[in-house]
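The next block holds one structure in the form of structure tokens; read it before the comments.
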Amino acid sequence: MYNYELLEHTDTVNELLARYGVKFGIYKNNTFKEQLFPFDAIPRIIEKQEFAGLEAGLKQRVQALNLFLRDIYSDKKIVKDGVVPEDFIFASSGYMAECEGVIPPKEVCSHISGIDLVQGKDRQWYVLEDNLRVPSGASYPMIAREMCRRSSPSTFENTLLEDNRNYAQLLRRTMDYVNTGGHTVILTPGRYNAAYFEHSYLAEKTGAHLVSGAELKVKEDKLYYVGYDGRLERIGAVYRRISDEYLDPMNFNPESVIGIPHIYDVFRKGNVALINAPGNGVADDKGIYYFVPKMIRYYLDEEPILQNAPTYLPFYKKDMQYVRENFDRLVLKDVAEAGGYGVVFGEKMSKGQKEEFIRLLKREPRRFIAQEVIDFLDIDILDGKQTVPRKADLRAFVLMADEPLVWKSGLTRFSRNPDSFIVNSSQGGGFKDTWVLSQ
Amino acid sequence: MGIISVEQTVRLLWLGRYTERVYTTLRLYYSSYDTMIDEGKNEGENAYARFCQMIDIPDIYGSKEVFKEKYPFDEENPDSIFSNLNRAYDNAIMLREEIGSEALSYIQLAIYAMNKAKISRAPFIELQRVMDNILAFWGIADDNIDSEQTRNIIKTGKRIERLDLYARLGVGRKELYREICRLEPRVARSGIRYDAEKIKYMKELVEKPEIDYYKVVHEAETIL
């Protein structure tokens, strides 16, 4: 069933990944540590036809989300027409009043979208989450593919699959499309960021310069890179890997020391592209997720191709009633949390904890969503010489250039714990390459 | 981009300096360690204390046994070889797109080799792999880095560090003069502002009957 030549070299591939610094950073007890991201050589394989369906659904979803973001920071028609309640916009921690009326270059808000999916045992794909701020993870399968091709060339000679190492070209095309004139840079908060490997690897592969905030400067409404001798070079696009609040101390968090003063003013005037645009958090809020199928119908007049996991909003009385009656079979998520944190399973709570949680739900109904626990399709991972089934998700990447581009691969994350549904790297998960067959 | 920022310049320079510091202090440690093997046969010798004195680091070790273990491997000690290697890594990790993943990987491999040597029952021989990886890093940096300016800044750091260490060690006139001559064209091509008079002055210092090594160290340290 499996290609043993490929699997035989798993340890060597992991050694090579360590050699090339494929790590992620994590803070534990106020100490920064770099951890290796364990790679499992058994790929997730998606048939060409199946991926074509996913691709169509992903493009549709990201187009609708982009239209939503443009609408929310301008006319708010979707609110006026009663499709999305205003409570879910203005109470969202991702909504930024500073973005009102600002039109990003080429009107693209979410240039790089990471859509998290799971496949149920019924083989149906469900969207679990949209990540429209600074989604990370594409670099891991890219470099893993490179190493696997070295470890088992015959596997790749004999398998017709899409080459995922083109992610850098897709990203470059996306960044160039919105560039307002000048160089493209990748802005990193520094090596202590969890995804620093990705920042530096994508800079190397796209040919963009990796910069910190101290290397950029705003002068007369334009953004510049400052050379050693004081010379200035114009910057036209910034793929920023810094969250909105730290991007510009003059417009957002005044305590930020990693941002660039007035960069947002340059963006507002259309003189630089910020990738992704600030303010996207309002659309990847877990509460807004519930409304994405409605957005697709509203903006595109189409039926959603991809399904959401069945979701309930305790904000609505009917849904609150359902949540209370079916508490044990639901998973509850705090909309303000990410990375697998703030997720609790009803069945795992004690009676007292449940009562306490329901009181909290009543007090803060907007803060939580409830979802049916999807019975994920297990996928095999290597455990020594054996294979064992584990839960896994798929982060698909959609890039918005002159047209929406779906990367024919994705980051498959899996839980190493047999009893866990949490696949995040920060919580001990590993990753796999995702093969999309080309025939 | 055709220009390079102050931050990148400083990182490249210190990457050159720390890799050279690891390389030269390792070589020196080898030779001192070798002397220590015979210590005790000749009363009054104290190779480790002389080593500390030579490279101008505080003698916090107390005995050659502690020195042999702590000087190469103690990451808490800022003077240790491991600490210097970590500082090289701190700079290299910020320069992946400038120096390339391939060059960076040799610094990473040097760290793995250092960790392996630290727990080995034969650490002395295992340290050879650290040196091999530093040499490989320099080789690939020379071969793979497209930007001449980037290469020249790293090498300027390396040359300054070597000159500094050699002067501290009080090496012979010929070797010291050679290092000044090697630094001169390199720093000129790096695009970094430097004081050309200091090169001239260092040459004069080395040509005097009695070399004032501390002055050479000072001039090397302040050339940029």
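All residue names refer to the structure tokens as shown: chains lettered A, B, ... in order, residues numbered from 1 in each chain, ligands numbered from 1 in order.
Using only C-alpha atoms, the protein and nucleic acid residues lying no more than 10 Å from Phe51 in chain B, apart from those fewer than 4 places from it along its own chain, are Thr25, Leu28, Tyr29, Ser31, Ser32, Tyr33, Asn46, Ala47, Ile55, Asp56, Ile57, Asp59 and Leu169 of chain B.
Residues from chain B that have an atom within 6 Å of chain A, counting only C-alpha atoms, are Ile3, Ile4, Ser5, Val6, Arg96, Glu97, Ser105 and Gln108 of chain B.
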Requested write-out: all heavy atoms of the selected residues, as a PDB file, in the first residue's frame:
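Here's the written file selection_35.pdb:
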```
ATOM      1  N   ILE B   3      21.063  47.844  -2.511  1.00  0.00           N
ATOM      2  CA  ILE B   3      21.695  48.423  -1.319  1.00  0.00           C
ATOM      3  C   ILE B   3      21.469  47.526  -0.111  1.00  0.00           C
ATOM      4  O   ILE B   3      20.600  46.657  -0.123  1.00  0.00           O
ATOM      5  CB  ILE B   3      21.184  49.853  -1.027  1.00  0.00           C
ATOM      6  CG1 ILE B   3      19.671  49.866  -0.806  1.00  0.00           C
ATOM      7  CG2 ILE B   3      21.590  50.800  -2.132  1.00  0.00           C
ATOM      8  CD1 ILE B   3      19.128  51.216  -0.348  1.00  0.00           C
ATOM      9  N   ILE B   4      22.234  47.780   0.904  1.00  0.00           N
ATOM     10  CA  ILE B   4      22.183  46.918   2.088  1.00  0.00           C
ATOM     11  C   ILE B   4      22.076  47.811   3.327  1.00  0.00           C
ATOM     12  O   ILE B   4      22.722  48.857   3.395  1.00  0.00           O
ATOM     13  CB  ILE B   4      23.445  46.018   2.070  1.00  0.00           C
ATOM     14  CG1 ILE B   4      23.341  44.909   3.069  1.00  0.00           C
ATOM     15  CG2 ILE B   4      24.719  46.768   2.216  1.00  0.00           C
ATOM     16  CD1 ILE B   4      24.297  43.773   2.739  1.00  0.00           C
ATOM     17  N   SER B   5      21.235  47.406   4.269  1.00  0.00           N
ATOM     18  CA  SER B   5      20.962  48.282   5.412  1.00  0.00           C
ATOM     19  C   SER B   5      22.066  48.187   6.475  1.00  0.00           C
ATOM     20  O   SER B   5      22.894  47.271   6.455  1.00  0.00           O
ATOM     21  CB  SER B   5      19.624  47.909   6.053  1.00  0.00           C
ATOM     22  OG  SER B   5      19.732  46.660   6.676  1.00  0.00           O
ATOM     23  N   VAL B   6      22.017  49.105   7.419  1.00  0.00           N
ATOM     24  CA  VAL B   6      22.974  49.089   8.533  1.00  0.00           C
ATOM     25  C   VAL B   6      22.835  47.775   9.300  1.00  0.00           C
ATOM     26  O   VAL B   6      23.831  47.115   9.632  1.00  0.00           O
ATOM     27  CB  VAL B   6      22.704  50.281   9.484  1.00  0.00           C
ATOM     28  CG1 VAL B   6      23.584  50.185  10.725  1.00  0.00           C
ATOM     29  CG2 VAL B   6      22.939  51.596   8.783  1.00  0.00           C
ATOM     30  N   ARG B  96      19.230  34.412   6.135  1.00  0.00           N
ATOM     31  CA  ARG B  96      19.008  33.289   5.221  1.00  0.00           C
ATOM     32  C   ARG B  96      18.903  33.744   3.763  1.00  0.00           C
ATOM     33  O   ARG B  96      19.506  33.161   2.866  1.00  0.00           O
ATOM     34  CB  ARG B  96      17.748  32.516   5.604  1.00  0.00           C
ATOM     35  CG  ARG B  96      17.517  31.276   4.752  1.00  0.00           C
ATOM     36  CD  ARG B  96      16.133  30.674   4.993  1.00  0.00           C
ATOM     37  NE  ARG B  96      15.968  30.074   6.282  1.00  0.00           N
ATOM     38  CZ  ARG B  96      16.221  28.795   6.581  1.00  0.00           C
ATOM     39  NH1 ARG B  96      16.641  27.989   5.638  1.00  0.00           N
ATOM     40  NH2 ARG B  96      16.033  28.345   7.801  1.00  0.00           N
ATOM     41  N   GLU B  97      18.105  34.796   3.523  1.00  0.00           N
ATOM     42  CA  GLU B  97      17.896  35.175   2.125  1.00  0.00           C
ATOM     43  C   GLU B  97      19.138  35.836   1.545  1.00  0.00           C
ATOM     44  O   GLU B  97      19.300  35.909   0.341  1.00  0.00           O
ATOM     45  CB  GLU B  97      16.633  36.050   1.983  1.00  0.00           C
ATOM     46  CG  GLU B  97      16.818  37.543   1.929  1.00  0.00           C
ATOM     47  CD  GLU B  97      17.201  38.158   3.273  1.00  0.00           C
ATOM     48  OE1 GLU B  97      17.372  37.431   4.264  1.00  0.00           O
ATOM     49  OE2 GLU B  97      17.337  39.393   3.313  1.00  0.00           O
ATOM     50  N   SER B 105      22.936  26.273   6.633  1.00  0.00           N
ATOM     51  CA  SER B 105      22.836  24.909   7.174  1.00  0.00           C
ATOM     52  C   SER B 105      24.157  24.467   7.811  1.00  0.00           C
ATOM     53  O   SER B 105      24.159  23.640   8.718  1.00  0.00           O
ATOM     54  CB  SER B 105      22.393  23.926   6.098  1.00  0.00           C
ATOM     55  OG  SER B 105      23.449  23.607   5.231  1.00  0.00           O
ATOM     56  N   GLN B 108      24.205  25.638  11.314  1.00  0.00           N
ATOM     57  CA  GLN B 108      23.306  24.755  12.077  1.00  0.00           C
ATOM     58  C   GLN B 108      23.995  23.418  12.368  1.00  0.00           C
ATOM     59  O   GLN B 108      23.934  22.898  13.483  1.00  0.00           O
ATOM     60  CB  GLN B 108      22.018  24.546  11.263  1.00  0.00           C
ATOM     61  CG  GLN B 108      20.969  23.663  11.929  1.00  0.00           C
ATOM     62  CD  GLN B 108      20.324  24.311  13.136  1.00  0.00           C
ATOM     63  OE1 GLN B 108      19.550  25.232  12.990  1.00  0.00           O
ATOM     64  NE2 GLN B 108      20.648  23.833  14.311  1.00  0.00           N
TER      65      GLN B 108
END
```
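Among the candidates A:Ile112, A:Leu313, A:Met400, A:Ala144, the one nearest to Leu332 in chain A when counting only C-alpha atoms is A:Leu313.
You will find CA of Gln427 in chain A at 21.3 Å from CA of Asp285 in chain A.
You can rank B:Leu26, B:Ala167, B:Val216, B:Leu15 by their closest distance to Val130 in chain B using only C-alpha atoms, and at the top of that list sits B:Leu26.
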Residues at most 9 Å from Asp265 in chain A, counting only C-alpha atoms, excluding those fewer than 3 positions away in the same chain, as a CSV table (one decimal) with N, CA and C atoms, in the first residue's frame?
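Written file, out.csv:
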```csv
chain,number,residue,atom,x,y,z
A,221,ASP,N,5.2,60.5,2.3
A,221,ASP,CA,4.1,59.6,1.9
A,221,ASP,C,4.5,58.4,1.1
A,222,LYS,N,5.8,58.1,1.2
A,222,LYS,CA,6.3,56.8,0.5
A,222,LYS,C,7.1,56.0,1.5
A,251,ASN,N,-0.5,54.7,14.2
A,251,ASN,CA,-1.9,54.5,13.9
A,251,ASN,C,-2.5,53.4,14.7
A,261,PRO,N,6.6,53.6,11.9
A,261,PRO,CA,5.7,54.7,12.0
A,261,PRO,C,5.2,55.3,10.7
A,262,HIS,N,3.9,55.4,10.6
A,262,HIS,CA,3.2,56.0,9.4
A,262,HIS,C,3.1,55.1,8.2
A,268,ARG,N,-2.7,53.9,3.1
A,268,ARG,CA,-4.0,54.6,3.0
A,268,ARG,C,-4.0,55.5,1.7
A,269,LYS,N,-2.9,56.0,1.4
A,269,LYS,CA,-2.7,56.9,0.2
A,269,LYS,C,-2.5,56.1,-1.1
A,270,GLY,N,-2.4,54.8,-0.9
A,270,GLY,CA,-2.3,53.9,-2.1
A,270,GLY,C,-0.8,53.8,-2.6
A,271,ASN,N,0.1,54.2,-1.8
A,271,ASN,CA,1.5,54.2,-2.2
A,271,ASN,C,2.3,52.9,-1.8
```
- Message: Which residues are near Tyr290 in chain A? Cut-off 10 Å, only C-alpha atoms, ignore same chain within fewer than 2 positions. Put them as a PyMOL selection string.
- Response: chain A and resi 84+129+285-288+292-295+308-313+369
Those residues with N, CA, C and O atoms, as a PDB file, in the first residue's frame please?
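Output (result-v4.pdb):
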```pdb
ATOM      1  N   VAL A  84     -25.772  39.852   7.794  1.00  0.00           N
ATOM      2  CA  VAL A  84     -24.874  39.686   8.949  1.00  0.00           C
ATOM      3  C   VAL A  84     -25.248  40.747   9.981  1.00  0.00           C
ATOM      4  O   VAL A  84     -25.261  41.938   9.652  1.00  0.00           O
ATOM      5  N   GLU A 129     -12.059  26.666   9.444  1.00  0.00           N
ATOM      6  CA  GLU A 129     -11.598  28.003   9.805  1.00  0.00           C
ATOM      7  C   GLU A 129     -11.040  28.713   8.578  1.00  0.00           C
ATOM      8  O   GLU A 129     -10.445  28.073   7.706  1.00  0.00           O
ATOM      9  N   ASP A 285     -12.835  35.958  11.899  1.00  0.00           N
ATOM     10  CA  ASP A 285     -13.377  35.768  13.237  1.00  0.00           C
ATOM     11  C   ASP A 285     -14.219  34.480  13.212  1.00  0.00           C
ATOM     12  O   ASP A 285     -14.947  34.221  12.257  1.00  0.00           O
ATOM     13  N   LYS A 286     -14.109  33.683  14.253  1.00  0.00           N
ATOM     14  CA  LYS A 286     -14.854  32.412  14.267  1.00  0.00           C
ATOM     15  C   LYS A 286     -16.364  32.636  14.241  1.00  0.00           C
ATOM     16  O   LYS A 286     -17.128  31.774  13.807  1.00  0.00           O
ATOM     17  N   GLY A 287     -16.795  33.811  14.724  1.00  0.00           N
ATOM     18  CA  GLY A 287     -18.228  34.116  14.679  1.00  0.00           C
ATOM     19  C   GLY A 287     -18.670  34.421  13.255  1.00  0.00           C
ATOM     20  O   GLY A 287     -19.746  33.996  12.806  1.00  0.00           O
ATOM     21  N   ILE A 288     -17.838  35.117  12.512  1.00  0.00           N
ATOM     22  CA  ILE A 288     -18.170  35.474  11.125  1.00  0.00           C
ATOM     23  C   ILE A 288     -18.172  34.239  10.222  1.00  0.00           C
ATOM     24  O   ILE A 288     -18.916  34.160   9.242  1.00  0.00           O
ATOM     25  N   VAL A 292     -20.227  32.751   6.368  1.00  0.00           N
ATOM     26  CA  VAL A 292     -19.557  32.702   5.050  1.00  0.00           C
ATOM     27  C   VAL A 292     -20.456  32.091   3.965  1.00  0.00           C
ATOM     28  O   VAL A 292     -20.546  32.649   2.864  1.00  0.00           O
ATOM     29  N   PRO A 293     -21.148  30.994   4.237  1.00  0.00           N
ATOM     30  CA  PRO A 293     -22.050  30.487   3.180  1.00  0.00           C
ATOM     31  C   PRO A 293     -23.089  31.540   2.750  1.00  0.00           C
ATOM     32  O   PRO A 293     -23.408  31.668   1.563  1.00  0.00           O
ATOM     33  N   LYS A 294     -23.551  32.321   3.726  1.00  0.00           N
ATOM     34  CA  LYS A 294     -24.522  33.380   3.396  1.00  0.00           C
ATOM     35  C   LYS A 294     -23.849  34.456   2.524  1.00  0.00           C
ATOM     36  O   LYS A 294     -24.467  35.010   1.620  1.00  0.00           O
ATOM     37  N   MET A 295     -22.583  34.738   2.854  1.00  0.00           N
ATOM     38  CA  MET A 295     -21.838  35.730   2.044  1.00  0.00           C
ATOM     39  C   MET A 295     -21.733  35.280   0.598  1.00  0.00           C
ATOM     40  O   MET A 295     -21.840  36.084  -0.323  1.00  0.00           O
ATOM     41  N   ASN A 308     -19.436  24.379   5.558  1.00  0.00           N
ATOM     42  CA  ASN A 308     -18.922  24.633   6.907  1.00  0.00           C
ATOM     43  C   ASN A 308     -19.215  23.419   7.778  1.00  0.00           C
ATOM     44  O   ASN A 308     -20.183  22.682   7.508  1.00  0.00           O
ATOM     45  N   ALA A 309     -18.446  23.241   8.846  1.00  0.00           N
ATOM     46  CA  ALA A 309     -18.862  22.269   9.862  1.00  0.00           C
ATOM     47  C   ALA A 309     -20.156  22.813  10.471  1.00  0.00           C
ATOM     48  O   ALA A 309     -20.276  24.037  10.653  1.00  0.00           O
ATOM     49  N   PRO A 310     -21.142  21.973  10.769  1.00  0.00           N
ATOM     50  CA  PRO A 310     -22.397  22.488  11.350  1.00  0.00           C
ATOM     51  C   PRO A 310     -22.101  23.331  12.602  1.00  0.00           C
ATOM     52  O   PRO A 310     -21.487  22.847  13.548  1.00  0.00           O
ATOM     53  N   THR A 311     -22.499  24.585  12.532  1.00  0.00           N
ATOM     54  CA  THR A 311     -22.101  25.563  13.562  1.00  0.00           C
ATOM     55  C   THR A 311     -23.315  26.276  14.148  1.00  0.00           C
ATOM     56  O   THR A 311     -24.286  26.552  13.424  1.00  0.00           O
ATOM     57  N   TYR A 312     -23.240  26.569  15.419  1.00  0.00           N
ATOM     58  CA  TYR A 312     -24.345  27.263  16.106  1.00  0.00           C
ATOM     59  C   TYR A 312     -23.797  28.492  16.800  1.00  0.00           C
ATOM     60  O   TYR A 312     -22.686  28.473  17.344  1.00  0.00           O
ATOM     61  N   LEU A 313     -24.594  29.536  16.755  1.00  0.00           N
ATOM     62  CA  LEU A 313     -24.202  30.782  17.419  1.00  0.00           C
ATOM     63  C   LEU A 313     -25.091  30.996  18.637  1.00  0.00           C
ATOM     64  O   LEU A 313     -26.282  31.300  18.479  1.00  0.00           O
ATOM     65  N   ILE A 369     -18.626  30.030  19.662  1.00  0.00           N
ATOM     66  CA  ILE A 369     -19.439  29.296  18.700  1.00  0.00           C
ATOM     67  C   ILE A 369     -19.433  27.842  19.158  1.00  0.00           C
ATOM     68  O   ILE A 369     -18.542  27.411  19.900  1.00  0.00           O
TER      69      ILE A 369
END
```
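One distance worth recording is that between CA of Ser147 in chain B and CA of Trp14 in chain B, which is 17.3 Å.
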- Message: Considering only helix (DSSP H, G or I) as DSSP defines it on the backbone, what residues of range 307-388 of chain A qualify? List them as a VMD selection string.
- Response: chain A and resid 317 to 325 327 to 329 346 to 348 351 to 363 365 to 367
- Item | range 55-62 of chain A environment, 9 Å, only C-alpha atoms, sequence neighbours closer than 6 positions dropped, as a PyMOL selection string | chain A and resi 110+113+115+130+292-293+295-296+300+302+304-307+396-400+404-408
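Ranking A:Glu47, A:Glu220, A:Glu107, A:Asp116 by their shortest atom-to-atom distance to Arg70 in chain A, with only C-alpha atoms included, puts A:Glu107 first.
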- Query: Any idea what's packed within 12 Å of Ile107 in chain B, counting only C-alpha atoms, ignoring anything in its chain fewer than 2 positions away? Could you give it as a PyMOL selection string?
  - Reply: (chain A and resi 18-21) or (chain B and resi 15-16+18-19+22-23+82+84-93+95-96+99-105+109-114+129-138+140-141)
Keeping only N, CA and C atoms, take the residues you just selected and write them out as a tab-separated table (two decimals), in the first residue's frame.
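Result saved to part.tsv:
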```tsv
chain	number	residue	atom	x	y	z
A	18	ALA	N	16.04	19.36	9.85
A	18	ALA	CA	16.68	20.00	11.02
A	18	ALA	C	17.90	20.80	10.57
A	19	ARG	N	18.65	20.22	9.65
A	19	ARG	CA	19.85	20.90	9.14
A	19	ARG	C	19.50	22.23	8.49
A	20	TYR	N	18.37	22.25	7.78
A	20	TYR	CA	17.98	23.50	7.11
A	20	TYR	C	17.15	24.42	8.01
A	21	GLY	N	17.09	24.06	9.28
A	21	GLY	CA	16.44	24.97	10.24
A	21	GLY	C	14.94	25.00	10.14
B	15	LEU	N	28.77	37.94	11.73
B	15	LEU	CA	28.78	36.54	11.32
B	15	LEU	C	30.22	36.15	10.98
B	16	GLY	N	30.89	37.01	10.24
B	16	GLY	CA	32.30	36.77	9.90
B	16	GLY	C	33.17	36.71	11.14
B	18	TYR	N	32.33	36.11	14.38
B	18	TYR	CA	32.09	34.97	15.30
B	18	TYR	C	32.53	33.64	14.70
B	19	THR	N	32.32	33.45	13.39
B	19	THR	CA	32.77	32.17	12.82
B	19	THR	C	34.30	32.08	12.91
B	22	VAL	N	35.28	31.27	16.53
B	22	VAL	CA	35.09	29.84	16.84
B	22	VAL	C	36.25	29.05	16.25
B	23	TYR	N	36.56	29.33	15.00
B	23	TYR	CA	37.60	28.56	14.29
B	23	TYR	C	38.97	28.71	14.96
B	82	PHE	N	31.19	27.55	22.49
B	82	PHE	CA	29.78	27.32	22.17
B	82	PHE	C	29.00	28.64	22.13
B	84	ASN	N	30.15	31.55	21.45
B	84	ASN	CA	30.52	32.27	20.22
B	84	ASN	C	29.85	31.66	18.99
B	85	LEU	N	29.73	30.34	19.01
B	85	LEU	CA	29.04	29.68	17.89
B	85	LEU	C	27.56	30.07	17.89
B	86	ASN	N	26.97	30.14	19.08
B	86	ASN	CA	25.56	30.58	19.16
B	86	ASN	C	25.39	32.00	18.63
B	87	ARG	N	26.38	32.86	18.91
B	87	ARG	CA	26.29	34.24	18.41
B	87	ARG	C	26.42	34.25	16.87
B	88	ALA	N	27.25	33.35	16.35
B	88	ALA	CA	27.35	33.24	14.88
B	88	ALA	C	25.99	32.84	14.32
B	89	TYR	N	25.36	31.88	14.97
B	89	TYR	CA	24.03	31.41	14.53
B	89	TYR	C	22.99	32.53	14.63
B	90	ASP	N	23.04	33.30	15.73
B	90	ASP	CA	22.09	34.41	15.91
B	90	ASP	C	22.14	35.37	14.72
B	91	ASN	N	23.32	35.58	14.21
B	91	ASN	CA	23.46	36.48	13.05
B	91	ASN	C	23.07	35.76	11.76
B	92	ALA	N	23.54	34.52	11.61
B	92	ALA	CA	23.27	33.78	10.37
B	92	ALA	C	21.77	33.56	10.15
B	93	ILE	N	21.05	33.28	11.23
B	93	ILE	CA	19.63	32.96	11.10
B	93	ILE	C	18.84	34.16	10.57
B	95	LEU	N	19.94	36.00	8.26
B	95	LEU	CA	20.51	36.33	6.95
B	95	LEU	C	20.23	35.27	5.89
B	96	ARG	N	19.23	34.41	6.13
B	96	ARG	CA	19.01	33.29	5.22
B	96	ARG	C	18.90	33.74	3.76
B	99	ILE	N	22.49	34.95	2.56
B	99	ILE	CA	23.60	33.98	2.41
B	99	ILE	C	23.11	32.64	1.84
B	100	GLY	N	21.81	32.39	1.90
B	100	GLY	CA	21.24	31.15	1.35
B	100	GLY	C	21.12	30.06	2.40
B	101	SER	N	20.11	29.19	2.20
B	101	SER	CA	19.86	28.09	3.15
B	101	SER	C	21.06	27.16	3.25
B	102	GLU	N	21.74	26.97	2.12
B	102	GLU	CA	22.85	26.02	2.09
B	102	GLU	C	23.97	26.48	3.03
B	103	ALA	N	24.34	27.73	2.94
B	103	ALA	CA	25.41	28.26	3.81
B	103	ALA	C	24.95	28.24	5.27
B	104	LEU	N	23.72	28.67	5.49
B	104	LEU	CA	23.17	28.68	6.85
B	104	LEU	C	23.19	27.28	7.47
B	105	SER	N	22.94	26.27	6.63
B	105	SER	CA	22.84	24.91	7.17
B	105	SER	C	24.16	24.47	7.81
B	109	LEU	N	24.67	22.87	11.35
B	109	LEU	CA	25.37	21.59	11.55
B	109	LEU	C	26.49	21.73	12.58
B	110	ALA	N	27.16	22.87	12.59
B	110	ALA	CA	28.22	23.10	13.58
B	110	ALA	C	27.62	23.07	14.99
B	111	ILE	N	26.40	23.61	15.13
B	111	ILE	CA	25.75	23.59	16.45
B	111	ILE	C	25.39	22.15	16.85
B	112	TYR	N	24.86	21.41	15.89
B	112	TYR	CA	24.56	20.00	16.20
B	112	TYR	C	25.84	19.25	16.59
B	113	ALA	N	26.92	19.52	15.85
B	113	ALA	CA	28.19	18.83	16.14
B	113	ALA	C	28.70	19.23	17.53
B	114	MET	N	28.50	20.49	17.90
B	114	MET	CA	28.95	20.97	19.22
B	114	MET	C	28.13	20.27	20.31
B	129	ARG	N	34.48	18.03	13.99
B	129	ARG	CA	33.32	18.22	13.09
B	129	ARG	C	32.83	19.67	13.13
B	130	VAL	N	32.97	20.30	14.28
B	130	VAL	CA	32.58	21.72	14.37
B	130	VAL	C	33.47	22.52	13.42
B	131	MET	N	34.76	22.23	13.51
B	131	MET	CA	35.70	22.96	12.66
B	131	MET	C	35.43	22.67	11.18
B	132	ASP	N	35.14	21.43	10.87
B	132	ASP	CA	34.84	21.07	9.47
B	132	ASP	C	33.64	21.87	8.95
B	133	ASN	N	32.63	22.02	9.80
B	133	ASN	CA	31.43	22.74	9.35
B	133	ASN	C	31.69	24.23	9.18
B	134	ILE	N	32.55	24.77	10.02
B	134	ILE	CA	32.89	26.20	9.85
B	134	ILE	C	33.65	26.37	8.53
B	135	LEU	N	34.58	25.46	8.27
B	135	LEU	CA	35.33	25.55	7.01
B	135	LEU	C	34.39	25.39	5.82
B	136	ALA	N	33.42	24.47	5.95
B	136	ALA	CA	32.45	24.26	4.86
B	136	ALA	C	31.60	25.52	4.67
B	137	PHE	N	31.27	26.16	5.79
B	137	PHE	CA	30.47	27.39	5.70
B	137	PHE	C	31.23	28.45	4.89
B	138	TRP	N	32.50	28.61	5.21
B	138	TRP	CA	33.28	29.62	4.48
B	138	TRP	C	33.38	29.26	2.99
B	140	ILE	N	31.26	27.51	1.16
B	140	ILE	CA	30.01	27.70	0.44
B	140	ILE	C	29.64	29.17	0.38
B	141	ALA	N	30.02	29.92	1.41
B	141	ALA	CA	29.75	31.36	1.38
B	141	ALA	C	30.52	31.98	0.20
```
- Message: With only C-alpha atoms as the counted atoms, please give the residues lying no more than 12 Å from Thr222 in chain B, apart from itself and same-chain residues fewer than 6 positions off, as a PyMOL selection string.
- Response: chain B and resi 160-161+164+193-199+202+215-216
Using the selection just defined, write its residues with N, CA, C and O atoms as a short mmCIF file (atom, residue, chain, number, x, y, z; two decimals), in the first residue's frame.
```cif
data_model
loop_
_atom_site.label_atom_id
_atom_site.label_comp_id
_atom_site.auth_asym_id
_atom_site.auth_seq_id
_atom_site.Cartn_x
_atom_site.Cartn_y
_atom_site.Cartn_z
N ILE B 160 39.14 41.00 10.39
CA ILE B 160 39.32 41.84 11.59
C ILE B 160 39.48 40.94 12.82
O ILE B 160 40.36 41.14 13.65
N GLU B 161 38.63 39.94 12.90
CA GLU B 161 38.68 39.05 14.06
C GLU B 161 40.00 38.29 14.12
O GLU B 161 40.61 38.16 15.19
N ASP B 164 42.74 40.64 15.19
CA ASP B 164 42.54 40.92 16.61
C ASP B 164 43.07 39.75 17.46
O ASP B 164 43.87 39.94 18.39
N ARG B 193 32.41 52.13 5.48
CA ARG B 193 33.36 53.22 5.76
C ARG B 193 34.41 52.72 6.77
O ARG B 193 34.07 52.07 7.74
N TYR B 194 35.67 53.02 6.47
CA TYR B 194 36.73 52.59 7.39
C TYR B 194 37.84 53.62 7.37
O TYR B 194 37.89 54.49 6.49
N ASP B 195 38.73 53.49 8.34
CA ASP B 195 39.83 54.44 8.47
C ASP B 195 41.09 53.83 7.85
O ASP B 195 41.76 52.99 8.46
N ALA B 196 41.41 54.26 6.64
CA ALA B 196 42.55 53.68 5.91
C ALA B 196 43.88 53.98 6.63
O ALA B 196 44.84 53.21 6.52
N GLU B 197 43.91 55.08 7.38
CA GLU B 197 45.14 55.44 8.10
C GLU B 197 45.51 54.37 9.12
O GLU B 197 46.68 54.17 9.44
N LYS B 198 44.48 53.69 9.64
CA LYS B 198 44.74 52.68 10.68
C LYS B 198 45.47 51.47 10.09
O LYS B 198 46.26 50.83 10.77
N ILE B 199 45.18 51.17 8.85
CA ILE B 199 45.89 50.06 8.20
C ILE B 199 47.38 50.43 8.11
O ILE B 199 48.26 49.62 8.45
N MET B 202 48.98 50.28 11.51
CA MET B 202 49.21 48.91 11.99
C MET B 202 50.45 48.33 11.33
O MET B 202 51.24 47.63 11.97
N LYS B 215 48.35 47.87 20.94
CA LYS B 215 47.99 48.94 20.00
C LYS B 215 47.42 48.33 18.71
O LYS B 215 46.47 48.87 18.13
N VAL B 216 47.98 47.22 18.28
CA VAL B 216 47.46 46.57 17.07
C VAL B 216 46.01 46.13 17.31
O VAL B 216 45.13 46.35 16.47
#
```
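Between CA of Thr35 in chain B and CA of Glu69 in chain B the separation is 15.5 Å.
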- Residues flagged strand (DSSP E) by DSSP in range 87-322 of chain A, as a ChimeraX atom specification: /A:112-119,125-131,183-187,209-211,216-219,222-226,232-240,273-275,307-308,311-312
- Find, counting only C-alpha atoms, the residue in A:Lys28, A:Asn417, A:Val102, A:Arg44 that gets nearest to Asp75 in chain A. A:Val102
